[in-house]
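As structure tokens, the structure follows; a few thoughts come after it.
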Amino acid sequence: MAELGEPAYRVRQLYVWLYRHRVRDLAAMTDLGKGLRARLESGFEVRWPEVAARDVSRDGTIKYLFRLDDSASIESVFIPEERRRTICISTQAGCPLKCAFCLTGIAGYKRNLKPWEILGQVATVMDDAPRTRPWNVVVMGMGEPLLNYEATVRALRILMDPEGFAVAPKKLTLSTVGILPALEKLMAEPVRPNLAISLHAPEPGLRRQLMPIEEKYRLEDVIAAAQRYPIPRGGRVTYEYVLLRGVNDSATHARQLTRLLRGSRAKVNLIPLNPAAEIPFDAPTPEAVDAFAGILADAHVAVSVRRPRGQDILAACGQLHLRDAAGGGSGSRASAR
């Protein structure tokens with residue numbers, strides 16, 4: 001606006017049109033003069049990521065395939081529920097962490113996303129969905145958000161800004177394996193999302209087998225940092241735990257987990273593995289899930305079991321993946337529709 005010789009208040013007007021109203025047409029910004037709108041139209045464009053495909057699950061979940069300018073692809077998920085609507089967004093095209101149970105990491109990594117590519121996922125889903133019920137946004141899609149810190153946090157600020165997307169901080173959750181330097185920076189942000197830690201094992205040796213990041217950021221240090229994360233009074237840090245049959249789903253593992261989290265403001269979200277052909281593990285039995293949750297509950301650890309959504313379209317937790325320029329999947333199971 002300064003380069004165009006416009007007063008500073010124009011910045012806020014433009015910001016509100018782009019993010020609160022989420023207009024796609026510069027001509028619709030009616031409180032900007034016609035001359036200014038004409039100059040903006042001649043030099044700029046409002047562009048959202050291209051939707052290459054929408055897959056609809058039998059349970060109502062919708063998976064979006066976005067094709068970006070360089071032909072990179074990302075996936076996002078819209079989960080409609082009776083009391084709320086949830087958008088699961090990505091911060092990287094693929095994921096470099098290579099967790100053994102996650103199709104996203106197995107399928108590879110291309111690059112970090114830009115802030116507009118992160119925000120564009122939310123804008124697209126919000127524009128498609130009926131305008132009823134509050135929004136939840138979870139940064140749990142493709143990629144590790146804290147490896148793309150600057151772009152992710154810039155997008156989060158706009159999502160949580162009352163004059164931006166106006167998503168309440170308590171309705172926004174960021175999931176991380178625990179990239180400690182970036183997590184420390186996140187703690188210092190004036191407005192922060194809820195925190196979820198991808199744990200998946202109750203002791204370092206097993207976590208190292210499942211998650212190579214354990215070599216760099218140790219389990220005990222990640223837990224210590226999470227316990228210092230400033231959350232509102234009465235809030236809890238969520239620990240995500242994917243249950244793998246015969247690997248980390250025994251009573252012994254459950255008791256180890258209770259000891260690990262004892263005394264902390266913790267909630268455990270148990271996630272029975274969402275299978276895919278490329279994932280070399282099996283889902284736990286329902287009996288093992290119930291027994292694991294029961295041990296945690298008996299030890300007074302808050303626990304929930306995540307209900308799978310969108311499994312039939314590979315939209316459930318751990319199933320998002322890179323897809324090629326033609327829209328196919330990374331492997332035989334992923335490309336089947």
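In the structure tokens, chains take the letters A, B, ... in the order shown, each chain's residues start at 1, and ligands count up from 1 in the order shown.
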Can you pull out every residue within 12 Å of Ala316 (chain A), counting only C-alpha atoms, but drop anything in the same chain fewer than 2 positions away, and send it as a PyMOL selection string? chain A and resi 57+59+61-63+75-79+88+102-104+140-142+271-276+306-314+318-321
Write out as a compact mmCIF listing (two decimals) with C-alpha atoms, in the first residue's frame which residues come within 6 Å of region 284-289 of chain A when counting only C-alpha atoms, dropping same-chain ones fewer than 3 positions away.
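Below you can see part_19.txt, which holds the result:
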# COMPACT_ATOMS: atom_id res chain seq x y z
CA LEU A 244 0.31 -51.24 16.45
CA ARG A 245 -0.60 -54.87 16.95
CA PHE A 292 -4.81 -50.40 26.99
Closest to Arg236 (chain A) among A:Lys170, A:Arg37, A:Arg157, A:Lys185, using only C-alpha atoms? A:Lys170
Which residues of region 160-219 of chain A come within 6 Å of region 16-27 of chain A, and what is each one's closest atom pair and distance in Å (one decimal), counting only C-alpha atoms, sorted by chain and residue number, as a tab-separated table?
residue	atom	partner	partner_atom	distance
A:Glu163	CA	A:Arg20	CA	5.8
A:Gly164	CA	A:Arg20	CA	4.5
A:Phe165	CA	A:Arg20	CA	5.1
Which neighbours of Ala293 (chain A) fall inside 9 Å, counting only C-alpha atoms, when residues of the same chain fewer than 6 positions from it are skipped, and could you give them as JSON, numbers by chain? {"A": [254, 268, 270, 303, 304, 305]}
Same residues, all heavy atoms, output as a PDB file, in the first residue's frame:
ATOM      1  N   ALA A 254       1.280 -50.063  28.226  1.00  0.00           N
ATOM      2  CA  ALA A 254       0.329 -49.138  28.848  1.00  0.00           C
ATOM      3  C   ALA A 254       0.823 -48.698  30.225  1.00  0.00           C
ATOM      4  O   ALA A 254       0.740 -47.515  30.584  1.00  0.00           O
ATOM      5  CB  ALA A 254      -1.049 -49.789  28.947  1.00  0.00           C
ATOM      6  N   VAL A 268      -4.152 -38.694  26.812  1.00  0.00           N
ATOM      7  CA  VAL A 268      -3.656 -39.611  25.792  1.00  0.00           C
ATOM      8  C   VAL A 268      -4.763 -39.873  24.780  1.00  0.00           C
ATOM      9  O   VAL A 268      -5.881 -40.244  25.144  1.00  0.00           O
ATOM     10  CB  VAL A 268      -3.170 -40.934  26.405  1.00  0.00           C
ATOM     11  CG1 VAL A 268      -2.755 -41.920  25.312  1.00  0.00           C
ATOM     12  CG2 VAL A 268      -2.000 -40.676  27.357  1.00  0.00           C
ATOM     13  N   LEU A 270      -5.518 -42.315  21.980  1.00  0.00           N
ATOM     14  CA  LEU A 270      -5.136 -43.589  21.370  1.00  0.00           C
ATOM     15  C   LEU A 270      -5.696 -43.661  19.954  1.00  0.00           C
ATOM     16  O   LEU A 270      -6.877 -43.370  19.716  1.00  0.00           O
ATOM     17  CB  LEU A 270      -5.665 -44.756  22.190  1.00  0.00           C
ATOM     18  CG  LEU A 270      -5.122 -44.894  23.616  1.00  0.00           C
ATOM     19  CD1 LEU A 270      -5.799 -46.051  24.328  1.00  0.00           C
ATOM     20  CD2 LEU A 270      -3.604 -45.075  23.603  1.00  0.00           C
ATOM     21  N   VAL A 303      -7.893 -40.353  28.930  1.00  0.00           N
ATOM     22  CA  VAL A 303      -7.646 -41.110  27.709  1.00  0.00           C
ATOM     23  C   VAL A 303      -8.890 -41.101  26.827  1.00  0.00           C
ATOM     24  O   VAL A 303     -10.015 -41.096  27.320  1.00  0.00           O
ATOM     25  CB  VAL A 303      -7.234 -42.567  28.038  1.00  0.00           C
ATOM     26  CG1 VAL A 303      -8.320 -43.287  28.839  1.00  0.00           C
ATOM     27  CG2 VAL A 303      -6.894 -43.353  26.778  1.00  0.00           C
ATOM     28  N   SER A 304      -8.662 -41.047  25.528  1.00  0.00           N
ATOM     29  CA  SER A 304      -9.738 -41.183  24.548  1.00  0.00           C
ATOM     30  C   SER A 304      -9.232 -42.070  23.423  1.00  0.00           C
ATOM     31  O   SER A 304      -8.022 -42.221  23.226  1.00  0.00           O
ATOM     32  CB  SER A 304     -10.172 -39.821  24.000  1.00  0.00           C
ATOM     33  OG  SER A 304      -9.086 -39.191  23.333  1.00  0.00           O
ATOM     34  N   VAL A 305     -10.140 -42.644  22.677  1.00  0.00           N
ATOM     35  CA  VAL A 305      -9.792 -43.460  21.515  1.00  0.00           C
ATOM     36  C   VAL A 305     -10.344 -42.764  20.281  1.00  0.00           C
ATOM     37  O   VAL A 305     -11.550 -42.485  20.202  1.00  0.00           O
ATOM     38  CB  VAL A 305     -10.367 -44.883  21.623  1.00  0.00           C
ATOM     39  CG1 VAL A 305     -10.022 -45.702  20.371  1.00  0.00           C
ATOM     40  CG2 VAL A 305      -9.830 -45.579  22.876  1.00  0.00           C
TER      41      VAL A 305
END
Calculated over only C-alpha atoms, which of the candidates A:Asp127, A:Arg54, A:Ala283, A:Arg265 has the smallest distance to Gly246 (chain A)? A:Ala283
Using DSSP secondary structure from the backbone, list all helix (DSSP H, G or I) positions within region 167-275 of chain A, as JSON, numbers by chain. {"A": [169, 170, 171, 180, 181, 182, 183, 184, 185, 186, 187, 204, 205, 206, 207, 208, 209, 210, 212, 213, 214, 215, 219, 220, 221, 222, 223, 224, 225, 226, 227, 251, 252, 253, 254, 255, 256, 257, 258, 259, 260, 261]}
Neighbours of Pro49 (chain A) within 8 Å (only C-alpha atoms; same-chain residues fewer than 6 positions away dropped), as a PyMOL selection string? chain A and resi 66-68+117+120-121
Export, as a tab-separated table (two decimals), in the first residue's frame, the selected residues with C-alpha atoms.
chain	number	residue	atom	x	y	z
A	66	PHE	CA	-4.53	-29.69	-3.84
A	67	ARG	CA	-2.18	-29.24	-6.80
A	68	LEU	CA	0.34	-26.44	-6.20
A	117	GLU	CA	-0.68	-22.56	0.71
A	120	GLY	CA	-5.61	-21.73	1.26
A	121	GLN	CA	-6.50	-25.19	2.51
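Between Arg85 (chain A) and the candidates A:Arg133, A:Lys171, A:Arg154, A:His200, the tightest atom-to-atom separation, counting only C-alpha atoms, involves A:Arg133.
The two atoms in question, CA of Leu159 (chain A) and CA of Leu40 (chain A), are spaced 24.0 Å apart.
Using only C-alpha atoms for every distance, the candidate list A:Ala151, A:Val301, A:Ala224, A:Ala107 yields A:Ala107 as the residue closest to Ala277 (chain A).
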Could you name the residues that touch region 173-179 of chain A at 6 Å or less, counting only C-alpha atoms, but leaving out those on the same chain fewer than 5 positions away, as a PyMOL selection string? chain A and resi 138-140+193-198+222
Got a sec: who's within 7 Å of Leu322 (chain A), counting only C-alpha atoms, leaving out chain neighbours fewer than 6 positions off, as a PyMOL selection string? chain A and resi 73-74+93-94+107+330
Considering only strand (DSSP E or B) as DSSP defines it on the backbone, what residues of region 161-293 of chain A qualify? List them as a ChimeraX atom specification. /A:172-176,194-198,237-243,266-272
